[in-house]
Amino acid sequence: MSNTIIKVENLSKSYILKHQGVENYVALRDVIVDKAKALFTSPSSIINKQTKEEFWALKDVSFDIQQGDRVGIIGRNGAGKSTLLKILSRIVTPTKGRITIDGRVASLLEVGTGFHPELSGRENIFLNGSILGMTKLEIKQKFDEIVAFAEVERFLDTPVKRYSSGMYVRLAFAVAAHLEPEILIVDEVLAVGDAAFQKKCLGKMKDVSGEGRTVIFVSHNMGQISALCSKSIILNKGQIEFDGKVDAALKIYHNMQSAASNEKYVVEKSDKDIYINEISIHNAQHENAQVFSHDEPIFVHLKYTAKTILEDLLLSIAVLDKNDKKIFTTEHPFSDTLNLNKIAGEAIVKIPSRFLLPGDYKMNVAIHIPNVQLFDLIENTTSFSIVDNGSEFSKYMGVDVGYVFSKCEWDIK
């Protein structure tokens, strides 16, 4: 007997995009002339400047999900993830194809989904339970557990429109996870919660799956996908790129990300006296790479040209996160001597393993004399990602341990 709980066959969804032609500048005389022309022109002869374009958010998507699966849906922005979840949640109807769902679906797609802003937290719990087809008695049996998980006891009788985004998400997730749907669909909303709450949610979703229910989870946080999901589906431009085990999916996805980004910075010539020629990132096998596991080192290769080497001159690398927050900086002097000959040099900087947390990073590289002169600065030209592929760091997923996770020297007596 098959235990397929969701079957998607040749699913497609199209939207009609309207483009209105707009002139760069329209003078008053142009408006007057157009109005005058309209008096002597039949409506059918007026040129309609509005054009339409058919956009396929999903195209011929097919897959099966089994009961108890924890499935991560990943892909770049615009890949079709949100459209797929809305169709699975019966919010949007497909243009073509067929979906068969065996069981009740609880969805948490964005902050505020399924809640009435004028009703209190208490009233919304009962409202959501009723929508899922539960009786009042069944909801009462889960009520205390929902409130305890959401940590909103003090605000239970307050209209949810007065909740912060974090409170909203906590209650919405608690309701969706505890009212025993056969299928739980969760989008990126967990990013609103704090680290402790994210960890609690991941644990709850694992528990839900352990009870035989199915979880579909969309996130840009590959660490969360790795920690929670057993399989993954990669969407790319509305089509399935991969459907299989999560470890293989993460490798494929990060290779896709690497191919789409700048792998190397190169400058052949410059008018500057001192400048950077090339920046590239390598793995321990001396191969160009942009995706690394948490337990492997990263090697940054720099090439520079200097028509003169000045005293106190430094080569500097700053590593930033995706939000441009500077994580750390490392520097090294060029030389303590003055050399007037043209020099082409190379430097290799090793970022140790198990130092940076899983995530997406970029670099700024500079040649400067601190507080005196900046000779060259290359910003945001090279990027790399660190993923957690089941290393010992997994146990810290969802816990705020800072920006770096370094093994320092300890002396315990």
# chains A, B, ... in the order shown; residues from 1 in each chain; ligands from 1
>>> residues_around(residues="Ser280 of chain A", least_positions_apart="4", cutoff="10 Å", atoms="only C-alpha atoms", output="compact mmCIF listing (two decimals) with N, CA and C atoms, in the first residue's frame")
# COMPACT_ATOMS: atom_id res chain seq x y z
N ASN A 262 30.53 35.92 -8.85
CA ASN A 262 31.88 36.18 -9.33
C ASN A 262 32.87 35.25 -8.63
N GLU A 263 33.58 34.43 -9.41
CA GLU A 263 34.53 33.50 -8.83
C GLU A 263 35.93 34.11 -8.69
N LYS A 264 36.18 35.16 -9.46
CA LYS A 264 37.53 35.68 -9.48
C LYS A 264 37.50 37.17 -9.80
N TYR A 265 38.40 37.91 -9.17
CA TYR A 265 38.57 39.32 -9.48
C TYR A 265 39.91 39.46 -10.19
N VAL A 266 39.92 40.08 -11.37
CA VAL A 266 41.15 40.23 -12.14
C VAL A 266 41.23 41.64 -12.71
N GLU A 287 42.05 23.99 -5.67
CA GLU A 287 41.06 24.21 -6.72
C GLU A 287 40.25 25.47 -6.41
N ASN A 288 39.88 26.21 -7.47
CA ASN A 288 38.96 27.33 -7.26
C ASN A 288 37.66 26.81 -6.67
N ALA A 289 37.18 27.45 -5.63
CA ALA A 289 35.97 26.99 -4.96
C ALA A 289 35.27 28.17 -4.30
N GLN A 290 33.98 28.00 -4.07
CA GLN A 290 33.22 29.02 -3.35
C GLN A 290 32.32 28.43 -2.29
N PHE A 299 41.33 29.10 1.50
CA PHE A 299 42.56 29.78 1.11
C PHE A 299 42.24 30.92 0.15
N VAL A 300 42.61 32.13 0.55
CA VAL A 300 42.39 33.31 -0.28
C VAL A 300 43.72 33.65 -0.97
N HIS A 301 43.73 33.65 -2.31
CA HIS A 301 44.92 33.95 -3.09
C HIS A 301 44.84 35.39 -3.59
N LEU A 302 45.89 36.15 -3.32
CA LEU A 302 45.95 37.56 -3.74
C LEU A 302 47.20 37.77 -4.59
N LYS A 303 47.04 38.53 -5.67
CA LYS A 303 48.19 38.97 -6.46
C LYS A 303 48.16 40.49 -6.52
N ILE A 348 49.01 34.30 0.11
CA ILE A 348 47.97 33.30 0.37
C ILE A 348 47.58 33.40 1.84
N THR A 381 33.78 41.83 -4.20
CA THR A 381 33.99 41.25 -5.53
C THR A 381 33.99 39.72 -5.50
N THR A 382 34.36 39.14 -4.40
CA THR A 382 34.41 37.68 -4.30
C THR A 382 33.57 37.25 -3.11
N SER A 383 32.89 36.13 -3.27
CA SER A 383 32.03 35.63 -2.20
C SER A 383 32.25 34.14 -2.01
>>> closest_residue(among="A:Glu145, A:Asp360, A:Asp271, A:Glu379", to="His254 of chain A", atoms="only C-alpha atoms")
A:Asp360
>>> select_by_dssp(residues="segment 182-314 of chain A", states="alpha helix (DSSP H)", output="VMD selection string")
chain A and resid 195 to 210 222 to 228 246 to 260
>>> residues_around(residues="segment 317-321 of chain A", least_positions_apart="3", cutoff="7 Å", atoms="only C-alpha atoms", output="MDAnalysis selection string")
chainID A and resid 324:331 360:366
>>> decode(residues="segment 282-301 of chain A", atoms="N, CA and C atoms", output="tab-separated table (two decimals), in the first residue's frame")
chain	number	residue	atom	x	y	z
A	282	HIS	N	40.34	29.32	-2.90
A	282	HIS	CA	40.69	27.93	-3.21
A	282	HIS	C	40.40	27.04	-2.00
A	283	ASN	N	40.25	25.74	-2.29
A	283	ASN	CA	40.14	24.75	-1.23
A	283	ASN	C	41.50	24.13	-0.96
A	284	ALA	N	41.52	23.14	-0.07
A	284	ALA	CA	42.80	22.52	0.31
A	284	ALA	C	43.43	21.75	-0.85
A	285	GLN	N	42.65	21.43	-1.88
A	285	GLN	CA	43.18	20.72	-3.05
A	285	GLN	C	43.66	21.69	-4.14
A	286	HIS	N	43.78	22.97	-3.77
A	286	HIS	CA	44.27	24.03	-4.67
A	286	HIS	C	43.34	24.27	-5.86
A	287	GLU	N	42.05	23.99	-5.67
A	287	GLU	CA	41.06	24.21	-6.72
A	287	GLU	C	40.25	25.47	-6.41
A	288	ASN	N	39.88	26.21	-7.47
A	288	ASN	CA	38.96	27.33	-7.26
A	288	ASN	C	37.66	26.81	-6.67
A	289	ALA	N	37.18	27.45	-5.63
A	289	ALA	CA	35.97	26.99	-4.96
A	289	ALA	C	35.27	28.17	-4.30
A	290	GLN	N	33.98	28.00	-4.07
A	290	GLN	CA	33.22	29.02	-3.35
A	290	GLN	C	32.32	28.43	-2.29
A	291	VAL	N	32.27	27.10	-2.23
A	291	VAL	CA	31.45	26.43	-1.22
A	291	VAL	C	32.35	25.52	-0.39
A	292	PHE	N	32.27	25.68	0.93
A	292	PHE	CA	33.13	24.93	1.84
A	292	PHE	C	32.29	24.34	2.96
A	293	SER	N	32.70	23.19	3.45
A	293	SER	CA	32.05	22.64	4.64
A	293	SER	C	32.63	23.35	5.86
A	294	HIS	N	31.94	23.23	6.98
A	294	HIS	CA	32.35	23.93	8.20
A	294	HIS	C	33.71	23.46	8.71
A	295	ASP	N	34.08	22.23	8.35
A	295	ASP	CA	35.32	21.69	8.91
A	295	ASP	C	36.46	21.62	7.88
A	296	GLU	N	36.45	22.52	6.88
A	296	GLU	CA	37.60	22.59	5.97
A	296	GLU	C	38.09	24.04	5.87
A	297	PRO	N	39.41	24.22	5.68
A	297	PRO	CA	39.96	25.57	5.62
A	297	PRO	C	39.66	26.24	4.27
A	298	ILE	N	39.83	27.58	4.26
A	298	ILE	CA	39.61	28.38	3.05
A	298	ILE	C	40.91	29.13	2.76
A	299	PHE	N	41.33	29.10	1.50
A	299	PHE	CA	42.56	29.78	1.11
A	299	PHE	C	42.24	30.92	0.15
A	300	VAL	N	42.61	32.13	0.55
A	300	VAL	CA	42.39	33.31	-0.28
A	300	VAL	C	43.72	33.65	-0.97
A	301	HIS	N	43.73	33.65	-2.31
A	301	HIS	CA	44.92	33.95	-3.09
A	301	HIS	C	44.84	35.39	-3.59
